[in-house]
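Step one of this worksheet: look at the structure below.
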Amino acid sequence: MIYGIFGAIIMGCLSTWYEKEQKRRTMELERAILDKEDTHHFVSFLPAASTVLGRIAVGLSICMAIFFSLGIEEKGKDMIPYFVIVAVTLLIGILFQVSGARWKMIVEEDDVTVYPALFGKVKKFKISDIKYVKVGETKKEISLYNAQNKKFYTVDPATTKAPLFKARLIEERLLQLNELTSN
């Protein structure tokens, strides 16, 4: 059981380190872009709440592991379901931290690069590849379509620089201002 507690602590520390390392690397790029940040140059991230939720889940799993391990002598093998709950909570926390640290959208002039949250390939496309834009009715997400009317990416409105991306689409006359307000 002590190994489980140490494992949870080590995994929590590793995911926190990974998050900070990703942010440090991205900050270097953002500093270079920051001098000229506008609708043509910016870096967008997931909201900070995702990494905060991840840290809370990791801390909660460590506390649960310690709390559950106090009664292990009396309960014996009946503790396995509790530690499965601890493992699942730890995994969810790590996934939230890693996804919050890894996902980013970089816009430089006409080039857009999107790094995936967890799995998948880096998506690269040009603003000029966008032929049609549709704004969702409930969440106000922006769906991007190519020349074949095939949706190839969706921008969530909760990202940090979503208003800059919307302004860029308005600049390129792909999105009308009244489309944003009427939905």
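FYI, nothing fancy with the structure tokens labels: chains A, B, ... in order, residues from 1 per chain, ligands from 1 as they appear.
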
Tell me which protein, DNA and RNA residues are within 9 Å of Ser143 of chain A, counting only C-alpha atoms, leaving out same-chain ones fewer than 4 positions away, and put them as an MDAnalysis selection string.
-> chainID A and resid 132:136 151:156

Residue neighbourhood segment 112-120 of chain A, 6 Å, only C-alpha atoms, exclusion window fewer than 5 positions, as a count of residues only | 9

Running DSSP on the backbone, which parts of chain A land in strand (DSSP E), as a ChimeraX atom specification?
-> /A:41-45,104-108,111-115,123-126,132-135,142-145,151-155

Find the residue from A:Ala49, A:Ile62, A:Ile80, A:Val86 that sits nearest to Cys13 of chain A; use only C-alpha atoms when measuring.
->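 For Cys13 of chain A, the nearest of the candidates is A:Ile62.
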
May I have the residues within 12 Å of Gly7 of chain A as a PyMOL selection string, using only C-alpha atoms and disregarding those fewer than 4 positions away in the same chain?
-> chain A and resi 1-3+11-14+58+61-62+65-66+83+86-87+90-91

What does the file look like for those residues with C-alpha atoms, as a PDB file, in the first residue's frame?
```
ATOM      1  CA  MET A   1       0.000   0.000   0.000  1.00  0.00           C
ATOM      2  CA  ILE A   2       2.872   2.310   0.767  1.00  0.00           C
ATOM      3  CA  TYR A   3       4.055   1.683  -2.791  1.00  0.00           C
ATOM      4  CA  MET A  11       2.970  10.347 -10.777  1.00  0.00           C
ATOM      5  CA  GLY A  12       1.511  13.602  -9.474  1.00  0.00           C
ATOM      6  CA  CYS A  13       4.943  15.214  -9.354  1.00  0.00           C
ATOM      7  CA  LEU A  14       5.811  13.969 -12.849  1.00  0.00           C
ATOM      8  CA  VAL A  58      -4.016  14.432  -8.208  1.00  0.00           C
ATOM      9  CA  SER A  61      -6.073  10.942  -5.052  1.00  0.00           C
ATOM     10  CA  ILE A  62      -2.967  11.267  -2.872  1.00  0.00           C
ATOM     11  CA  ALA A  65      -4.593   6.884  -0.830  1.00  0.00           C
ATOM     12  CA  ILE A  66      -3.230   7.999   2.531  1.00  0.00           C
ATOM     13  CA  PHE A  83      -7.619   1.873  -4.473  1.00  0.00           C
ATOM     14  CA  VAL A  86      -7.736   6.295  -6.194  1.00  0.00           C
ATOM     15  CA  ALA A  87      -6.038   5.056  -9.377  1.00  0.00           C
ATOM     16  CA  LEU A  90      -5.108   9.939 -10.287  1.00  0.00           C
ATOM     17  CA  LEU A  91      -5.330   9.021 -13.971  1.00  0.00           C
TER      18      LEU A  91
END
```

Who sits within 10 Å of Cys63 of chain A, only C-alpha atoms, same chain under 5 positions skipped, as a ChimeraX atom specification | /A:5,8-9,57-58,68-69,86

Chain A: residues DSSP assigns to helix (DSSP H, G or I), reported as a ChimeraX atom specification | /A:2-34,48-70,72-102,127-129,162-171,177-182

Which residue gives the smallest distance to Glu109 of chain A among A:Arg55, A:Lys139, A:His41, A:Lys23, with only C-alpha atoms counted?
->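 That would be A:His41, the residue with the smallest distance to Glu109 of chain A.
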
Would you mind listing what lies within 9 Å of Arg168 of chain A as a list in words, with only C-alpha atoms counted and same-chain residues fewer than 3 positions away left out?
-> Asp38, Thr39, His40, Ile127, Pro163, Leu164, Phe165, Glu171, Glu172, Arg173, Leu174 and Leu175 of chain A

Written file, previous selection with C-alpha atoms, as a JSON list (two decimals), in the first residue's frame:
```
[["chain", "number", "residue", "atom", "x", "y", "z"],
["A", 38, "ASP", "CA", -2.61, 40.86, -33.01],
["A", 39, "THR", "CA", -5.05, 38.85, -35.08],
["A", 40, "HIS", "CA", -2.16, 37.63, -37.26],
["A", 127, "ILE", "CA", -6.44, 30.59, -43.06],
["A", 163, "PRO", "CA", -11.84, 36.36, -29.65],
["A", 164, "LEU", "CA", -8.63, 37.06, -31.61],
["A", 165, "PHE", "CA", -9.32, 34.10, -33.87],
["A", 171, "GLU", "CA", -11.02, 40.33, -41.13],
["A", 172, "GLU", "CA", -10.81, 37.62, -43.78],
["A", 173, "ARG", "CA", -14.57, 38.00, -44.42],
["A", 174, "LEU", "CA", -15.20, 34.37, -43.52],
["A", 175, "LEU", "CA", -17.39, 35.30, -40.59]]
```

Who sits within 7 Å of Lys131 of chain A, only C-alpha atoms, same chain under 5 positions skipped, as a list in words |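 Selected residues are Tyr145, Asn146 and Ala147 of chain A.
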
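Proximity ranking of A:Glu141, A:Thr159, A:Gln176, A:Gly59 relative to Gln97 of chain A places A:Gly59 first, based on only C-alpha atoms.
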
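When only C-alpha atoms are used to measure the gap to Pro157 of chain A, the shortest distance among A:Ile10, A:Val84, A:Val43, A:Ile142 belongs to A:Ile142.
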